[in-house]
$ cat protein.cif   # mmCIF, C-alpha atoms
data_structure
#
loop_
_atom_site.group_PDB
_atom_site.id
_atom_site.type_symbol
_atom_site.label_atom_id
_atom_site.label_comp_id
_atom_site.auth_asym_id
_atom_site.auth_seq_id
_atom_site.Cartn_x
_atom_site.Cartn_y
_atom_site.Cartn_z
ATOM 1 C CA GLN E 138 81.725 132.295 85.276
ATOM 2 C CA GLU E 139 80.655 135.831 86.053
ATOM 3 C CA LEU E 140 83.272 137.713 88.092
ATOM 4 C CA LEU E 141 81.955 139.547 91.095
ATOM 5 C CA GLN E 142 83.090 142.980 92.264
ATOM 6 C CA GLU E 143 83.583 143.134 95.984
ATOM 7 C CA SER E 144 83.888 146.472 97.773
ATOM 8 C CA GLY E 145 83.885 148.036 101.206
ATOM 9 C CA GLY E 146 87.305 147.087 102.500
ATOM 10 C CA GLY E 147 89.591 149.506 104.246
ATOM 11 C CA SER E 148 91.956 150.144 107.122
ATOM 12 C CA VAL E 149 90.580 150.067 110.644
ATOM 13 C CA GLN E 150 91.863 149.671 114.145
ATOM 14 C CA VAL E 151 91.200 146.685 116.335
ATOM 15 C CA GLY E 152 87.602 146.800 117.479
ATOM 16 C CA GLY E 153 86.451 148.681 114.412
ATOM 17 C CA SER E 154 83.812 147.739 111.871
ATOM 18 C CA LEU E 155 83.515 147.376 108.117
ATOM 19 C CA ARG E 156 80.730 146.384 105.775
ATOM 20 C CA LEU E 157 81.607 144.538 102.604
ATOM 21 C CA SER E 158 79.348 144.487 99.571
ATOM 22 C CA CYS E 159 79.040 142.059 96.688
ATOM 23 C CA PRO E 160 76.464 142.866 93.990
ATOM 24 C CA LEU E 161 74.815 139.760 92.565
ATOM 25 C CA SER E 162 73.163 139.790 89.176
ATOM 26 C CA ALA E 163 69.606 138.654 88.721
ATOM 27 C CA TRP E 164 70.982 135.756 86.683
ATOM 28 C CA ILE E 165 73.099 134.578 89.612
ATOM 29 C CA LEU E 166 70.229 134.874 92.044
ATOM 30 C CA GLY E 167 68.006 132.943 89.694
ATOM 31 C CA ASN E 168 70.450 130.169 88.830
ATOM 32 C CA TYR E 169 72.594 129.705 91.933
ATOM 33 C CA TYR E 170 71.623 128.568 95.395
ATOM 34 C CA CYS E 171 74.064 130.072 97.849
ATOM 35 C CA ALA E 172 76.900 132.542 98.197
ATOM 36 C CA GLY E 173 79.706 133.013 100.611
ATOM 37 C CA TRP E 174 82.445 135.311 101.737
ATOM 38 C CA PHE E 175 85.982 133.998 101.683
ATOM 39 C CA ARG E 176 89.132 135.453 103.181
ATOM 40 C CA GLN E 177 92.754 135.070 102.194
ATOM 41 C CA ALA E 178 95.405 136.353 104.549
ATOM 42 C CA PRO E 179 98.972 136.809 103.330
ATOM 43 C CA GLY E 180 100.692 133.462 103.084
ATOM 44 C CA LYS E 181 97.568 131.520 103.950
ATOM 45 C CA ALA E 182 94.985 129.570 102.020
ATOM 46 C CA ARG E 183 91.666 131.086 101.122
ATOM 47 C CA GLU E 184 89.019 130.104 103.651
ATOM 48 C CA ALA E 185 85.277 130.466 103.979
ATOM 49 C CA VAL E 186 84.228 132.866 106.706
ATOM 50 C CA ALA E 187 80.473 133.192 106.083
ATOM 51 C CA GLY E 188 77.802 131.967 103.730
ATOM 52 C CA ARG E 189 74.091 131.697 103.238
ATOM 53 C CA TYR E 190 71.515 130.076 101.068
ATOM 54 C CA PHE E 191 69.655 132.627 98.950
ATOM 55 C CA ASN E 192 66.368 131.494 100.459
ATOM 56 C CA GLY E 193 67.714 132.243 103.925
ATOM 57 C CA ALA E 194 67.268 128.648 105.077
ATOM 58 C CA LYS E 195 70.823 128.277 106.316
ATOM 59 C CA THR E 196 73.803 130.410 107.163
ATOM 60 C CA TYR E 197 77.375 129.548 107.982
ATOM 61 C CA TYR E 198 80.034 131.288 110.036
ATOM 62 C CA ALA E 199 83.551 130.166 110.694
ATOM 63 C CA ASP E 200 84.250 129.707 114.383
ATOM 64 C CA SER E 201 86.699 132.589 114.301
ATOM 65 C CA VAL E 202 84.054 135.116 113.211
ATOM 66 C CA ARG E 203 80.823 133.789 114.699
ATOM 67 C CA GLY E 204 79.160 136.442 116.829
ATOM 68 C CA ARG E 205 81.109 139.268 115.194
ATOM 69 C CA PHE E 206 80.274 138.935 111.487
ATOM 70 C CA THR E 207 76.846 138.934 109.893
ATOM 71 C CA ILE E 208 76.073 137.900 106.334
ATOM 72 C CA SER E 209 72.920 139.226 104.720
ATOM 73 C CA LEU E 210 71.267 139.539 101.329
ATOM 74 C CA ASP E 211 69.393 142.671 100.315
ATOM 75 C CA ASN E 212 66.846 141.277 97.897
ATOM 76 C CA ALA E 213 65.756 144.717 96.742
ATOM 77 C CA LYS E 214 69.284 145.741 95.745
ATOM 78 C CA ASN E 215 70.650 142.260 94.972
ATOM 79 C CA ILE E 216 73.663 142.834 97.190
ATOM 80 C CA LEU E 217 75.327 140.337 99.485
ATOM 81 C CA TYR E 218 76.757 142.033 102.562
ATOM 82 C CA LEU E 219 79.218 141.032 105.221
ATOM 83 C CA GLU E 220 78.954 143.179 108.327
ATOM 84 C CA MET E 221 82.155 142.839 110.316
ATOM 85 C CA ASN E 222 82.301 144.118 113.891
ATOM 86 C CA SER E 223 84.878 143.917 116.656
ATOM 87 C CA LEU E 224 87.565 143.395 114.074
ATOM 88 C CA GLU E 225 90.762 141.666 115.127
ATOM 89 C CA VAL E 226 94.213 141.667 113.607
ATOM 90 C CA ALA E 227 93.569 138.101 112.489
ATOM 91 C CA ASP E 228 90.667 139.336 110.334
ATOM 92 C CA ALA E 229 93.007 141.166 107.970
ATOM 93 C CA GLY E 230 93.231 139.930 104.412
ATOM 94 C CA THR E 231 91.543 140.085 101.063
ATOM 95 C CA TYR E 232 87.871 139.191 101.036
ATOM 96 C CA TYR E 233 86.083 137.604 98.100
ATOM 97 C CA CYS E 234 82.546 136.515 97.434
ATOM 98 C CA ALA E 235 81.405 133.595 95.329
ATOM 99 C CA PRO E 236 78.065 131.925 94.545
ATOM 100 C CA ASP E 237 77.401 128.327 93.631
ATOM 101 C CA ARG E 238 74.697 125.997 92.488
ATOM 102 C CA ARG E 239 72.656 123.887 94.833
ATOM 103 C CA ALA E 240 74.687 120.728 94.335
ATOM 104 C CA TYR E 241 77.759 122.494 95.676
ATOM 105 C CA CYS E 242 76.197 124.314 98.615
ATOM 106 C CA MET E 243 76.524 122.484 101.896
ATOM 107 C CA ASN E 244 76.282 123.612 105.466
ATOM 108 C CA GLY E 245 75.264 127.083 104.312
ATOM 109 C CA TYR E 246 78.115 127.996 102.013
ATOM 110 C CA PRO E 247 79.730 127.231 98.654
ATOM 111 C CA GLN E 248 82.102 124.307 98.900
ATOM 112 C CA ARG E 249 84.266 124.547 95.793
ATOM 113 C CA VAL E 250 86.726 127.096 97.131
ATOM 114 C CA HIS E 251 89.473 125.886 94.806
ATOM 115 C CA GLN E 252 87.422 126.101 91.615
ATOM 116 C CA TYR E 253 85.922 129.562 91.502
ATOM 117 C CA SER E 254 86.975 132.369 89.196
ATOM 118 C CA TRP E 255 87.679 135.010 91.785
ATOM 119 C CA GLY E 256 87.062 138.719 91.376
ATOM 120 C CA PRO E 257 89.554 141.329 92.564
ATOM 121 C CA GLY E 258 88.463 141.050 96.176
ATOM 122 C CA THR E 259 88.494 143.836 98.709
ATOM 123 C CA GLN E 260 91.314 144.266 101.176
ATOM 124 C CA ASP E 261 90.949 144.785 104.898
ATOM 125 C CA THR E 262 93.755 145.963 107.135
ATOM 126 C CA VAL E 263 93.334 145.824 110.884
ATOM 127 C CA SER E 264 95.915 147.548 113.050
ATOM 128 C CA SER E 265 96.424 147.341 116.778
#
$ encode --input "protein.cif" --output "structure tokens"
Amino acid sequence: QELLQESGGGSVQVGGSLRLSCPLSAWILGNYYCAGWFRQAPGKAREAVAGRYFNGAKTYYADSVRGRFTISLDNAKNILYLEMNSLEVADAGTYYCAPDRRAYCMNGYPQRVHQYSWGPGTQDTVSS
């Protein structure tokens, strides 16, 4: 599986904003159906925070981020973004992106969180 290279993380204060980027190859966009952003906080399991189908038909947001995060796909640049606003301390962690095929995309995001080959991720630190 192709490893993705996430970027855009950093250190911000509570209330700040970050935009994460995840370049997707043309092969992924042509052969997969959805992609999502996942977060892993220290000592916690990796969880899905946002996702979307590549055709834009459905998006997903975890309850904890809905209204503050926006997932988007720039089709001209083939980049999956996660715009994060009003950041909270609880948003800190390492963020990863992952795509999946149609059979494994449900409710707007990839479902096989325990089976992906994860890239390096990008780390966000939120301080109060």
$ atom_distance --input "protein.cif" --atom1 "atom CA of Arg189 of chain E" --atom2 "atom CA of Gly245 of chain E"
4.9 Å
$ residues_around --input "protein.cif" --residues "segment 163-174 of chain E" --least-positions-apart "5" --cutoff "7 Å" --atoms "only C-alpha atoms" --output "ChimeraX atom specification"
/E:185-191,232-239,242,246-247
$ atom_distance --input "protein.cif" --atom1 "atom CA of Val202 of chain E" --atom2 "atom CA of Glu139 of chain E"
27.4 Å
$ atom_distance --input "protein.cif" --atom1 "atom CA of Leu155 of chain E" --atom2 "atom CA of Ser209 of chain E"
13.8 Å
$ closest_residue --input "protein.cif" --among "E:His251, E:Lys181, E:Ala199, E:Ala229" --to "Val151 of chain E" --atoms "all atoms listed in the file"
E:Ala229
$ closest_residue --input "protein.cif" --among "E:Met243, E:Leu217, E:Ile208, E:Ala178" --to "Glu143 of chain E" --atoms "only C-alpha atoms"
E:Leu217
$ closest_residue --input "protein.cif" --among "E:Gly152, E:Glu184, E:Asn215, E:Ser264" --to "Asp200 of chain E" --atoms "only C-alpha atoms"
E:Glu184
$ closest_residue --input "protein.cif" --among "E:Ser223, E:Asn244, E:Thr231, E:Gln260" --to "Gly153 of chain E" --atoms "all atoms listed in the file"
E:Ser223
$ resolve_selection --input "protein.cif" --expression "the PyMOL selection byres ((chain E and resi 154) around 10)" --output "list of chain:residue names"
E:Gly147, E:Ser148, E:Val149, E:Gln150, E:Val151, E:Gly152, E:Gly153, E:Leu155, E:Arg156, E:Arg205, E:Phe206, E:Glu220, E:Met221, E:Asn222, E:Ser223, E:Leu224, E:Glu225, E:Val263
$ resolve_selection --input "protein.cif" --expression "the PyMOL selection byres ((chain E and resi 144) around 6)" --output "PyMOL selection string"
chain E and resi 143+145-146+157-158+259
$ closest_residue --input "protein.cif" --among "E:Ser265, E:Arg249, E:Ile216, E:Asp228" --to "Gln177 of chain E" --atoms "only C-alpha atoms"
E:Asp228
$ closest_residue --input "protein.cif" --among "E:Ala213, E:Ala182, E:Val226, E:Leu141" --to "Ser201 of chain E" --atoms "only C-alpha atoms"
E:Val226
$ build_atoms --input "protein.cif" --residues "segment 185-202 of chain E" --atoms "N, CA and C atoms" --output "tab-separated table (two decimals), keeping the file's coordinate frame"
chain	number	residue	atom	x	y	z
E	185	ALA	N	86.64	129.95	103.87
E	185	ALA	CA	85.28	130.47	103.98
E	185	ALA	C	85.08	131.07	105.36
E	186	VAL	N	84.52	132.27	105.41
E	186	VAL	CA	84.23	132.87	106.71
E	186	VAL	C	82.73	132.99	106.96
E	187	ALA	N	81.92	133.08	105.91
E	187	ALA	CA	80.47	133.19	106.08
E	187	ALA	C	79.78	132.81	104.79
E	188	GLY	N	78.57	132.31	104.91
E	188	GLY	CA	77.80	131.97	103.73
E	188	GLY	C	76.33	131.89	104.06
E	189	ARG	N	75.52	131.88	103.03
E	189	ARG	CA	74.09	131.70	103.24
E	189	ARG	C	73.44	131.19	101.97
E	190	TYR	N	72.35	130.46	102.19
E	190	TYR	CA	71.52	130.08	101.07
E	190	TYR	C	70.68	131.29	100.67
E	191	PHE	N	70.41	131.46	99.40
E	191	PHE	CA	69.66	132.63	98.95
E	191	PHE	C	68.25	132.67	99.53
E	192	ASN	N	67.71	131.51	99.86
E	192	ASN	CA	66.37	131.49	100.46
E	192	ASN	C	66.40	131.74	101.96
E	193	GLY	N	67.58	131.95	102.50
E	193	GLY	CA	67.71	132.24	103.92
E	193	GLY	C	67.60	131.04	104.84
E	194	ALA	N	67.51	129.84	104.26
E	194	ALA	CA	67.27	128.65	105.08
E	194	ALA	C	68.46	128.29	105.96
E	195	LYS	N	69.64	128.67	105.55
E	195	LYS	CA	70.82	128.28	106.32
E	195	LYS	C	71.93	129.30	106.14
E	196	THR	N	72.63	129.56	107.21
E	196	THR	CA	73.80	130.41	107.16
E	196	THR	C	74.98	129.68	107.79
E	197	TYR	N	76.15	130.15	107.45
E	197	TYR	CA	77.38	129.55	107.98
E	197	TYR	C	78.31	130.65	108.44
E	198	TYR	N	78.97	130.40	109.56
E	198	TYR	CA	80.03	131.29	110.04
E	198	TYR	C	81.19	130.43	110.52
E	199	ALA	N	82.37	130.83	110.14
E	199	ALA	CA	83.55	130.17	110.69
E	199	ALA	C	83.61	130.46	112.19
E	200	ASP	N	84.17	129.54	112.93
E	200	ASP	CA	84.25	129.71	114.38
E	200	ASP	C	84.93	131.02	114.76
E	201	SER	N	85.91	131.41	113.97
E	201	SER	CA	86.70	132.59	114.30
E	201	SER	C	85.93	133.90	114.16
E	202	VAL	N	84.79	133.87	113.44
E	202	VAL	CA	84.05	135.12	113.21
E	202	VAL	C	82.65	135.08	113.78
